[in-house]
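Right, one structure below, let's go through it.
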Amino acid sequence: AFGAPTRESNRRGLANEWRLDHDARMDYSRTLFTDKDQLKLSLFQTARRERNDYETLTTPILPAANPQLDLYRQNADRTNTEFQTDYELPLDGRTLKLGYDVEHNFNRYNYPGQTLDVVTGAVTPYSSAGNDFRYDQWINAAYGSFQTQLGDFGLLAGLRVEQTDLETRQSQGAAINKTDDLRLYPSLHVEREAGEGGKVSASYSVRTTRPEPEDLNPFVDRRDPRNLRAGNPLLKAKRTQSFEVGYEQDGKALTYHFTAYYRLHKNVVSDVTQ
């Protein structure tokens with residue numbers, strides 16, 4: 001059985017959200033040594049600017065108290081700049097691909113806020129008002145792949161070497177976290193014809209999934225005063241090893257594809273509620 005309520009309040013909220021997006025891209029391609037090879041250069045940038053204002057009026061009913069108005073602003077600036085070069089060289093039924101990619105991500109978040117007592121007019125700034133969180137990440141990667149036919153087997157092998165340098169900085173308390181990470185990401189795909197219209201395949205790959213910048217921000221998000229949220233600047237990138245085998249049958253009327261896989265994850269990120 002439920003007892004009588006000990007706390008009751010009435011809440012009303014108002015949100016005003018503004019966002020500006022910017023995208024720019026340049027591409028260039030040409031042949032170099034033969035009429036079949038190709039060099040591609042790409043430079044692109046995406047940017048987003050957000051200015052969001054939130055107001056929440058809380059009127060306590062049980063126990064009775066003065067209404068309070070929470071005023072909270074979310075300022076967010078995100079910029080991603082990337083330069084990529086790729087070279088492809090066909091070699092008598094084989095194909096060699098080489099590339100280099102450099103990416104810079106810069107994000108800045110600022111969350112000022114305050115609580116106003118509607119009756120007395122008293123203003124209480126949030127303890128973390130004026131918080132300024134910065135996310136500065138550089139990724140340098142060199143990669144290559146080679147595709148060929150070895151007897152009845154088709155082979156595609158690749159390797160990506162990636163250097164990641166990340167610095168997060170929180171103005172409140174001058175908290176700075178730096179990571180320097182060098183990783184190898186191999187991949188291998190093998191396939192073979194199996195009867196008329198059939199094909200079997202097996203593959204292995206390693207991938208990474210990095211936390212979003214806001215997941216690393218330790219600032220307490222107060223858009224909802226009853227449900228607070230904060231990130232963890234010590235989170236690591238998730239690393240996934242994937243093993244797959246498959247069978248494909250291409251018939252006259254239908255095509256069947258079966259795949260079995262096993263994935264091994266490390267540094268999995270999950271939400272903690274308390």
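Each chain in the structure tokens gets a letter, A, B and so on, in the order shown; residues start at 1 in every chain, and ligands are counted from 1 in the order they appear.
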So which residues touch stretch 198-204 of chain A within 7 Å, counting only C-alpha atoms, skipping near sequence neighbours fewer than 2 positions away, as a PDB file with N, CA and C atoms, in the first residue's frame?
ATOM      1  N   SER A 187      42.346  -5.396 -41.008  1.00  0.00           N
ATOM      2  CA  SER A 187      41.114  -5.993 -41.530  1.00  0.00           C
ATOM      3  C   SER A 187      41.484  -7.020 -42.591  1.00  0.00           C
ATOM      4  N   LEU A 188      40.660  -8.063 -42.705  1.00  0.00           N
ATOM      5  CA  LEU A 188      40.900  -9.120 -43.678  1.00  0.00           C
ATOM      6  C   LEU A 188      39.557  -9.702 -44.114  1.00  0.00           C
ATOM      7  N   HIS A 189      39.393  -9.818 -45.416  1.00  0.00           N
ATOM      8  CA  HIS A 189      38.163 -10.399 -45.970  1.00  0.00           C
ATOM      9  C   HIS A 189      38.549 -11.420 -47.030  1.00  0.00           C
ATOM     10  N   VAL A 190      38.026 -12.648 -46.893  1.00  0.00           N
ATOM     11  CA  VAL A 190      38.300 -13.733 -47.838  1.00  0.00           C
ATOM     12  C   VAL A 190      36.965 -14.301 -48.317  1.00  0.00           C
ATOM     13  N   GLU A 191      36.868 -14.548 -49.634  1.00  0.00           N
ATOM     14  CA  GLU A 191      35.643 -15.129 -50.177  1.00  0.00           C
ATOM     15  C   GLU A 191      35.986 -16.135 -51.277  1.00  0.00           C
ATOM     16  N   ARG A 192      35.050 -17.069 -51.498  1.00  0.00           N
ATOM     17  CA  ARG A 192      35.250 -18.137 -52.482  1.00  0.00           C
ATOM     18  C   ARG A 192      33.913 -18.533 -53.076  1.00  0.00           C
ATOM     19  N   GLU A 193      33.926 -18.797 -54.388  1.00  0.00           N
ATOM     20  CA  GLU A 193      32.717 -19.277 -55.048  1.00  0.00           C
ATOM     21  C   GLU A 193      32.372 -20.671 -54.513  1.00  0.00           C
ATOM     22  N   ALA A 194      31.065 -20.937 -54.335  1.00  0.00           N
ATOM     23  CA  ALA A 194      30.602 -22.232 -53.818  1.00  0.00           C
ATOM     24  C   ALA A 194      29.432 -22.703 -54.669  1.00  0.00           C
ATOM     25  N   GLY A 195      29.749 -23.387 -55.756  1.00  0.00           N
ATOM     26  CA  GLY A 195      28.685 -23.864 -56.633  1.00  0.00           C
ATOM     27  C   GLY A 195      28.133 -22.747 -57.498  1.00  0.00           C
ATOM     28  N   GLU A 196      27.062 -23.074 -58.212  1.00  0.00           N
ATOM     29  CA  GLU A 196      26.464 -22.097 -59.116  1.00  0.00           C
ATOM     30  C   GLU A 196      25.707 -21.022 -58.335  1.00  0.00           C
ATOM     31  N   SER A 242      35.749  -7.853 -34.584  1.00  0.00           N
ATOM     32  CA  SER A 242      34.601  -8.487 -35.208  1.00  0.00           C
ATOM     33  C   SER A 242      35.046  -9.659 -36.086  1.00  0.00           C
ATOM     34  N   PHE A 243      34.404 -10.827 -35.878  1.00  0.00           N
ATOM     35  CA  PHE A 243      34.643 -12.028 -36.687  1.00  0.00           C
ATOM     36  C   PHE A 243      33.323 -12.390 -37.374  1.00  0.00           C
ATOM     37  N   GLU A 244      33.361 -12.582 -38.691  1.00  0.00           N
ATOM     38  CA  GLU A 244      32.134 -12.878 -39.421  1.00  0.00           C
ATOM     39  C   GLU A 244      32.368 -13.982 -40.450  1.00  0.00           C
ATOM     40  N   VAL A 245      31.366 -14.828 -40.637  1.00  0.00           N
ATOM     41  CA  VAL A 245      31.338 -15.800 -41.733  1.00  0.00           C
ATOM     42  C   VAL A 245      29.970 -15.676 -42.399  1.00  0.00           C
ATOM     43  N   GLY A 246      29.945 -15.880 -43.701  1.00  0.00           N
ATOM     44  CA  GLY A 246      28.688 -15.700 -44.407  1.00  0.00           C
ATOM     45  C   GLY A 246      28.552 -16.609 -45.609  1.00  0.00           C
ATOM     46  N   TYR A 247      27.331 -16.778 -46.034  1.00  0.00           N
ATOM     47  CA  TYR A 247      27.038 -17.556 -47.239  1.00  0.00           C
ATOM     48  C   TYR A 247      25.966 -16.804 -48.027  1.00  0.00           C
ATOM     49  N   GLU A 248      26.176 -16.704 -49.343  1.00  0.00           N
ATOM     50  CA  GLU A 248      25.236 -16.007 -50.216  1.00  0.00           C
ATOM     51  C   GLU A 248      24.887 -16.902 -51.395  1.00  0.00           C
ATOM     52  N   GLN A 249      23.595 -16.989 -51.700  1.00  0.00           N
ATOM     53  CA  GLN A 249      23.123 -17.784 -52.835  1.00  0.00           C
ATOM     54  C   GLN A 249      22.255 -16.900 -53.715  1.00  0.00           C
ATOM     55  N   ASP A 250      22.712 -16.707 -54.931  1.00  0.00           N
ATOM     56  CA  ASP A 250      21.990 -15.846 -55.872  1.00  0.00           C
ATOM     57  C   ASP A 250      21.203 -16.734 -56.829  1.00  0.00           C
TER      58      ASP A 250
END
For A:Gln241: contacts at 8 Å, only C-alpha atoms, fewer than 6 positions along chain excluded, given as an mmCIF file with N, CA, C and O atoms, in the first residue's frame:
data_model
loop_
_atom_site.group_PDB
_atom_site.id
_atom_site.type_symbol
_atom_site.label_atom_id
_atom_site.label_comp_id
_atom_site.auth_asym_id
_atom_site.auth_seq_id
_atom_site.Cartn_x
_atom_site.Cartn_y
_atom_site.Cartn_z
ATOM 1 N N TYR A 204 37.557 -10.439 -40.753
ATOM 2 C CA TYR A 204 37.988 -10.004 -39.420
ATOM 3 C C TYR A 204 38.305 -8.515 -39.510
ATOM 4 O O TYR A 204 38.903 -8.048 -40.491
ATOM 5 N N SER A 205 37.906 -7.760 -38.491
ATOM 6 C CA SER A 205 38.192 -6.331 -38.474
ATOM 7 C C SER A 205 38.243 -5.817 -37.043
ATOM 8 O O SER A 205 37.701 -6.437 -36.126
ATOM 9 N N VAL A 206 38.913 -4.694 -36.880
ATOM 10 C CA VAL A 206 39.003 -4.014 -35.595
ATOM 11 C C VAL A 206 38.538 -2.576 -35.806
ATOM 12 O O VAL A 206 38.990 -1.900 -36.736
ATOM 13 N N ARG A 207 37.627 -2.124 -34.946
ATOM 14 C CA ARG A 207 37.092 -0.772 -35.069
ATOM 15 C C ARG A 207 37.078 -0.096 -33.701
ATOM 16 O O ARG A 207 37.158 -0.761 -32.663
ATOM 17 N N ARG A 263 31.452 -10.666 -31.819
ATOM 18 C CA ARG A 263 32.106 -9.375 -31.577
ATOM 19 C C ARG A 263 32.602 -9.304 -30.143
ATOM 20 O O ARG A 263 31.871 -9.635 -29.211
ATOM 21 N N LEU A 264 33.823 -8.861 -29.992
ATOM 22 C CA LEU A 264 34.460 -8.728 -28.694
ATOM 23 C C LEU A 264 34.689 -7.250 -28.426
ATOM 24 O O LEU A 264 35.429 -6.580 -29.164
ATOM 25 N N HIS A 265 34.054 -6.712 -27.367
ATOM 26 C CA HIS A 265 34.122 -5.292 -27.054
ATOM 27 C C HIS A 265 35.016 -5.040 -25.835
ATOM 28 O O HIS A 265 35.027 -5.827 -24.884
#
For stretch 59-125 of chain A versus stretch 146-151 of chain A, which residues have an atom no more than 6 Å away, and what is each residue's nearest atom pair and distance in Å rounded to one decimal, using only C-alpha atoms, chain-then-number order, as JSON lines?
{"residue": "A:Arg94", "atom": "CA", "partner": "A:Thr148", "partner_atom": "CA", "distance": 4.6}
{"residue": "A:Thr95", "atom": "CA", "partner": "A:Gln147", "partner_atom": "CA", "distance": 5.1}
{"residue": "A:Leu96", "atom": "CA", "partner": "A:Phe146", "partner_atom": "CA", "distance": 4.7}
Prev. selection, C-alpha atoms, output as a compact mmCIF listing (two decimals), in the first residue's frame:
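Everything below was put into result.txt:
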# COMPACT_ATOMS: atom_id res chain seq x y z
CA ARG A 94 44.78 -6.47 -58.28
CA THR A 95 44.14 -3.12 -56.63
CA LEU A 96 46.33 -1.13 -54.25
Quick one: residues within 6 Å of A:Thr56, only C-alpha atoms, excluding same-chain residues fewer than 3 positions away - as number ranges by chain? A: 12-13, 69-70
Any idea what's packed within 10 Å of stretch 114-116 of chain A, counting only C-alpha atoms, ignoring anything in its chain fewer than 4 positions away? Could you give it as a count of residues only? 20
Could you write out, as a short mmCIF file (atom, residue, chain, number, x, y, z; two decimals) with C-alpha atoms, in the first residue's frame, all the residues of stretch 19-146 of chain A that DSSP marks as strand (DSSP E or B)?
data_model
loop_
_atom_site.label_atom_id
_atom_site.label_comp_id
_atom_site.auth_asym_id
_atom_site.auth_seq_id
_atom_site.Cartn_x
_atom_site.Cartn_y
_atom_site.Cartn_z
CA ARG A 19 21.05 26.70 -34.08
CA LEU A 20 23.24 27.66 -37.05
CA ASP A 21 24.98 25.02 -39.23
CA HIS A 22 27.78 25.54 -41.73
CA ASP A 23 29.27 23.06 -44.23
CA ALA A 24 32.02 23.57 -46.81
CA ARG A 25 33.86 21.06 -49.01
CA MET A 26 36.50 21.02 -51.77
CA ASP A 27 37.50 17.98 -53.86
CA TYR A 28 40.25 17.47 -56.43
CA SER A 29 41.20 14.38 -58.44
CA ARG A 30 43.64 13.48 -61.21
CA GLN A 38 43.71 8.07 -59.44
CA LEU A 39 44.62 10.57 -56.74
CA LYS A 40 41.84 12.24 -54.73
CA LEU A 41 42.20 15.17 -52.34
CA SER A 42 39.37 16.34 -50.08
CA LEU A 43 39.11 19.18 -47.61
CA PHE A 44 35.89 19.76 -45.70
CA GLN A 45 34.60 21.47 -42.60
CA THR A 46 31.38 21.31 -40.63
CA ALA A 47 30.43 23.74 -37.88
CA ARG A 48 27.47 24.13 -35.55
CA ARG A 49 26.59 26.94 -33.17
CA GLU A 50 23.82 26.59 -30.57
CA ARG A 51 22.28 29.09 -28.15
CA ASN A 52 19.52 27.48 -26.10
CA ASP A 53 17.64 29.10 -23.21
CA TYR A 54 15.58 27.10 -20.69
CA GLU A 55 13.21 28.36 -18.01
CA THR A 56 11.61 26.11 -15.40
CA LEU A 57 9.12 27.40 -12.80
CA THR A 58 8.75 25.09 -9.80
CA THR A 59 5.92 25.76 -7.33
CA PRO A 60 6.21 23.58 -4.18
CA ILE A 61 2.85 22.42 -2.83
CA LEU A 62 3.90 19.95 -0.16
CA GLN A 68 11.52 29.20 -7.81
CA LEU A 69 12.47 30.01 -11.39
CA ASP A 70 15.49 28.23 -12.89
CA LEU A 71 17.14 30.16 -15.74
CA TYR A 72 19.65 28.10 -17.71
CA ARG A 73 21.53 28.73 -20.96
CA GLN A 74 23.33 26.16 -23.07
CA ASN A 75 26.03 27.58 -25.35
CA ALA A 76 27.69 25.06 -27.67
CA ASP A 77 30.16 25.57 -30.53
CA ARG A 78 31.40 22.59 -32.58
CA THR A 79 33.88 22.62 -35.48
CA ASN A 80 35.20 19.63 -37.43
CA THR A 81 37.91 20.09 -40.09
CA GLU A 82 39.30 17.19 -42.11
CA PHE A 83 41.81 16.73 -44.93
CA GLN A 84 41.94 13.40 -46.74
CA THR A 85 44.06 12.10 -49.61
CA ASP A 86 43.51 8.74 -51.35
CA TYR A 87 45.48 7.01 -54.09
CA GLU A 88 44.22 3.98 -56.05
CA LEU A 89 46.37 1.93 -58.41
CA PRO A 90 44.92 -1.03 -60.42
CA LEU A 91 47.53 -3.74 -61.14
CA ARG A 94 44.78 -6.47 -58.28
CA THR A 95 44.14 -3.12 -56.63
CA LEU A 96 46.33 -1.13 -54.25
CA LYS A 97 44.82 1.71 -52.21
CA LEU A 98 46.76 4.09 -49.97
CA GLY A 99 45.59 7.09 -47.97
CA TYR A 100 46.24 9.66 -45.29
CA ASP A 101 43.66 11.46 -43.17
CA VAL A 102 44.05 14.25 -40.62
CA GLU A 103 41.04 15.43 -38.61
CA HIS A 104 40.68 18.20 -36.04
CA ASN A 105 37.66 18.45 -33.73
CA PHE A 106 37.19 21.47 -31.50
CA ASN A 107 34.15 21.83 -29.26
CA ARG A 108 33.37 24.44 -26.61
CA TYR A 109 30.47 24.35 -24.15
CA ASN A 110 29.41 27.02 -21.68
CA GLY A 113 22.51 29.51 -14.96
CA GLN A 114 20.79 30.77 -11.83
CA THR A 115 17.79 30.20 -9.58
CA LEU A 116 15.41 33.06 -8.79
CA ASP A 117 13.09 33.12 -5.75
CA VAL A 123 19.15 35.15 -7.01
CA THR A 124 21.35 32.09 -6.46
CA PRO A 125 23.86 31.32 -9.26
CA ASP A 132 33.64 26.45 -19.75
CA PHE A 133 34.42 23.00 -21.19
CA ARG A 134 36.72 22.60 -24.20
CA TYR A 135 37.32 19.48 -26.30
CA ASP A 136 40.34 19.55 -28.63
CA GLN A 137 41.14 16.39 -30.62
CA TRP A 138 43.59 15.63 -33.45
CA ILE A 139 43.48 12.34 -35.37
CA ASN A 140 46.24 11.42 -37.84
CA ALA A 141 45.77 8.20 -39.79
CA ALA A 142 47.64 6.39 -42.56
CA TYR A 143 45.92 3.43 -44.19
CA GLY A 144 46.15 1.03 -47.08
CA SER A 145 44.47 -1.99 -48.63
CA PHE A 146 45.35 -4.62 -51.21
#
Using only C-alpha atoms, determine which residues lie at most 12 Å from stretch 231-236 of chain A, disregarding the query and same-chain residues fewer than 4 positions distant; provide the list as number ranges by chain. A: 133-135, 164, 166-170, 175-181, 208-221, 266-273
From stretch 43-239 of chain A, collect each residue whose DSSP state is helix (DSSP H, G or I) and return the set as a count of residues only. 7
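Interatomic distance, atom CA of A:Ala157 against atom CA of A:Asp37: 19.2 Å.
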